[in-house]
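One structure is given here, and the rest of the page talks about it.
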Amino acid sequence: MNDLYLTPPVAALIFFIVVVCGHNFRKTWKQQPLGWQKRAWLFGVPAGIGLLVLGFLPLKL
């Protein structure tokens with residue numbers, strides 16, 4: 001478990017993906033076009049997993 005960590009570039013990339021997926025999730029949820037539930041899941045799951053990874057894996061500087 002000692003070699004399980006995030007480097008700053010990887011953490012920044014995950015953060016960017018979380019922001020983009022979170023924004024698209026919110027936009028889909030507010031507009032609710034046809035088939036919006038499936039798209040909300042497709043955007044929400046990666047955002048949630050990314051937040052969990054950022055929250056629980058240490059950052060190695």
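A note on labels: chains of the structure tokens are A, B, ... as shown, every chain counts residues from 1, and ligands are counted from 1 in their shown order.
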Just the residues within 12 Å of Phe56 in chain A, please, counting only C-alpha atoms, with nothing from its chain fewer than 3 positions along; format it as an NGL selection string. :A and (4-6 or 11 or 49-53 or 59)
Serialized selection, N, CA, C and O atoms, as a CSV table (one decimal), in the first residue's frame:
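And here's part-v8.csv as it stands now:
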chain,number,residue,atom,x,y,z
A,4,LEU,N,1.0,3.2,-3.4
A,4,LEU,CA,-0.3,3.7,-4.0
A,4,LEU,C,-0.5,5.1,-3.7
A,4,LEU,O,-0.9,5.5,-2.5
A,5,TYR,N,-0.2,6.0,-4.6
A,5,TYR,CA,-0.3,7.4,-4.4
A,5,TYR,C,-0.6,8.1,-5.8
A,5,TYR,O,-0.5,7.5,-6.8
A,6,LEU,N,-0.9,9.4,-5.7
A,6,LEU,CA,-1.1,10.2,-6.9
A,6,LEU,C,0.1,11.2,-7.1
A,6,LEU,O,0.6,11.8,-6.1
A,11,ALA,N,-3.1,13.9,-10.5
A,11,ALA,CA,-4.2,14.5,-9.7
A,11,ALA,C,-4.8,15.6,-10.4
A,11,ALA,O,-6.1,15.8,-10.4
A,49,ILE,N,-16.3,8.7,-8.7
A,49,ILE,CA,-15.1,7.9,-8.5
A,49,ILE,C,-13.9,8.8,-8.5
A,49,ILE,O,-13.0,8.6,-7.6
A,50,GLY,N,-13.9,9.8,-9.3
A,50,GLY,CA,-12.7,10.7,-9.3
A,50,GLY,C,-12.6,11.5,-8.0
A,50,GLY,O,-11.5,11.6,-7.4
A,51,LEU,N,-13.7,11.9,-7.4
A,51,LEU,CA,-13.7,12.6,-6.1
A,51,LEU,C,-13.3,11.6,-5.0
A,51,LEU,O,-12.5,12.0,-4.1
A,52,LEU,N,-13.7,10.4,-5.1
A,52,LEU,CA,-13.2,9.4,-4.1
A,52,LEU,C,-11.7,9.2,-4.2
A,52,LEU,O,-11.0,9.1,-3.2
A,53,VAL,N,-11.2,9.1,-5.4
A,53,VAL,CA,-9.8,8.9,-5.6
A,53,VAL,C,-9.0,10.1,-5.1
A,53,VAL,O,-8.0,9.9,-4.4
A,59,LEU,N,-1.2,12.4,-2.0
A,59,LEU,CA,-0.5,13.1,-3.1
A,59,LEU,C,1.0,13.0,-2.8
A,59,LEU,O,1.4,13.4,-1.7
I'd like the contact shell of Trp41 in chain A - 9 Å cut-off, only C-alpha atoms, skipping same-chain residues fewer than 5 positions apart - returned as a list in words. Phe25, Trp36 and Pro46 of chain A
Limited to all heavy atoms, could you put the picked residues into a file as a short mmCIF file (atom, residue, chain, number, x, y, z; two decimals), in the first residue's frame?
data_model
loop_
_atom_site.label_atom_id
_atom_site.label_comp_id
_atom_site.auth_asym_id
_atom_site.auth_seq_id
_atom_site.Cartn_x
_atom_site.Cartn_y
_atom_site.Cartn_z
N PHE A 25 -22.98 16.69 -15.79
CA PHE A 25 -24.03 16.07 -14.98
C PHE A 25 -25.07 17.11 -14.57
O PHE A 25 -26.26 16.90 -14.72
CB PHE A 25 -23.41 15.42 -13.74
CG PHE A 25 -24.44 14.91 -12.76
CD1 PHE A 25 -25.03 13.68 -12.97
CD2 PHE A 25 -24.82 15.66 -11.66
CE1 PHE A 25 -25.98 13.20 -12.08
CE2 PHE A 25 -25.76 15.18 -10.78
CZ PHE A 25 -26.34 13.95 -10.98
N TRP A 36 -32.24 11.56 -20.27
CA TRP A 36 -31.31 12.29 -19.41
C TRP A 36 -30.79 11.44 -18.26
O TRP A 36 -29.67 11.67 -17.80
CB TRP A 36 -31.96 13.55 -18.87
CG TRP A 36 -33.03 13.32 -17.84
CD1 TRP A 36 -34.34 13.06 -18.07
CD2 TRP A 36 -32.87 13.32 -16.43
NE1 TRP A 36 -35.01 12.90 -16.90
CE2 TRP A 36 -34.12 13.07 -15.86
CE3 TRP A 36 -31.78 13.52 -15.58
CZ2 TRP A 36 -34.33 12.99 -14.50
CZ3 TRP A 36 -31.99 13.45 -14.22
CH2 TRP A 36 -33.24 13.19 -13.69
N PRO A 46 -18.23 8.68 -13.18
CA PRO A 46 -16.81 9.06 -13.21
C PRO A 46 -16.49 10.23 -12.27
O PRO A 46 -15.42 10.26 -11.66
CB PRO A 46 -16.55 9.46 -14.66
CG PRO A 46 -17.65 8.88 -15.43
CD PRO A 46 -18.82 8.75 -14.51
#
Test item: residues at most 12 Å from Lys27 in chain A, only C-alpha atoms, excluding those fewer than 6 positions along its chain, as a PyMOL selection string: chain A and resi 20-21+33+36-37+39-40+43-44
Could you write out that same residue set with N, CA and C atoms as a tab-separated table (two decimals), in the first residue's frame?
chain	number	residue	atom	x	y	z
A	20	VAL	N	-15.25	18.55	-15.43
A	20	VAL	CA	-16.00	18.46	-16.69
A	20	VAL	C	-17.21	17.54	-16.54
A	21	CYS	N	-17.00	16.37	-15.92
A	21	CYS	CA	-18.12	15.43	-15.75
A	21	CYS	C	-19.18	16.02	-14.81
A	33	PRO	N	-33.26	16.50	-20.97
A	33	PRO	CA	-33.71	16.10	-22.31
A	33	PRO	C	-34.05	14.62	-22.32
A	36	TRP	N	-32.24	11.56	-20.27
A	36	TRP	CA	-31.31	12.29	-19.41
A	36	TRP	C	-30.79	11.44	-18.26
A	37	GLN	N	-31.55	10.44	-17.79
A	37	GLN	CA	-31.08	9.62	-16.67
A	37	GLN	C	-29.83	8.83	-17.03
A	39	ARG	N	-27.59	9.57	-19.33
A	39	ARG	CA	-26.46	10.50	-19.45
A	39	ARG	C	-26.02	11.02	-18.09
A	40	ALA	N	-26.97	11.20	-17.18
A	40	ALA	CA	-26.59	11.64	-15.83
A	40	ALA	C	-25.74	10.58	-15.14
A	43	PHE	N	-22.19	10.62	-16.61
A	43	PHE	CA	-21.36	11.72	-16.13
A	43	PHE	C	-21.14	11.65	-14.63
A	44	GLY	N	-22.11	11.16	-13.89
A	44	GLY	CA	-22.03	11.17	-12.44
A	44	GLY	C	-21.10	10.12	-11.86
Point out the residue among A:Asp3, A:Val45, A:Lys38, A:Lys60 with the least atom-to-atom distance to Ile17 in chain A, counting only C-alpha atoms.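 Ranking A:Asp3, A:Val45, A:Lys38, A:Lys60 by distance to Ile17 in chain A, first place goes to A:Val45.
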Find the distance between CA of Gly48 in chain A and CA of Val19 in chain A and write it in Å to one decimal.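 So the two atoms, CA of Gly48 in chain A and CA of Val19 in chain A, lie 10.6 Å apart.
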DSSP alpha helix (DSSP H) residues within chain A, as a ChimeraX atom specification: /A:8-31,36-56
Which neighbours of Phe16 in chain A fall inside 10 Å, counting only C-alpha atoms, when residues of the same chain fewer than 6 positions from it are skipped, and could you give them as a count of residues only? 4
Report the distance between CA of Leu61 in chain A and CA of Pro8 in chain A in Å, rounded to one decimal place.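 Rounded to one decimal, the two atoms are 7.0 Å apart.
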Selected residue of minimal separation from Thr7 in chain A among A:Pro58, A:Leu42, A:Thr28, A:Gly35, counting only C-alpha atoms: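 Distance minimum relative to Thr7 in chain A lands on A:Pro58.
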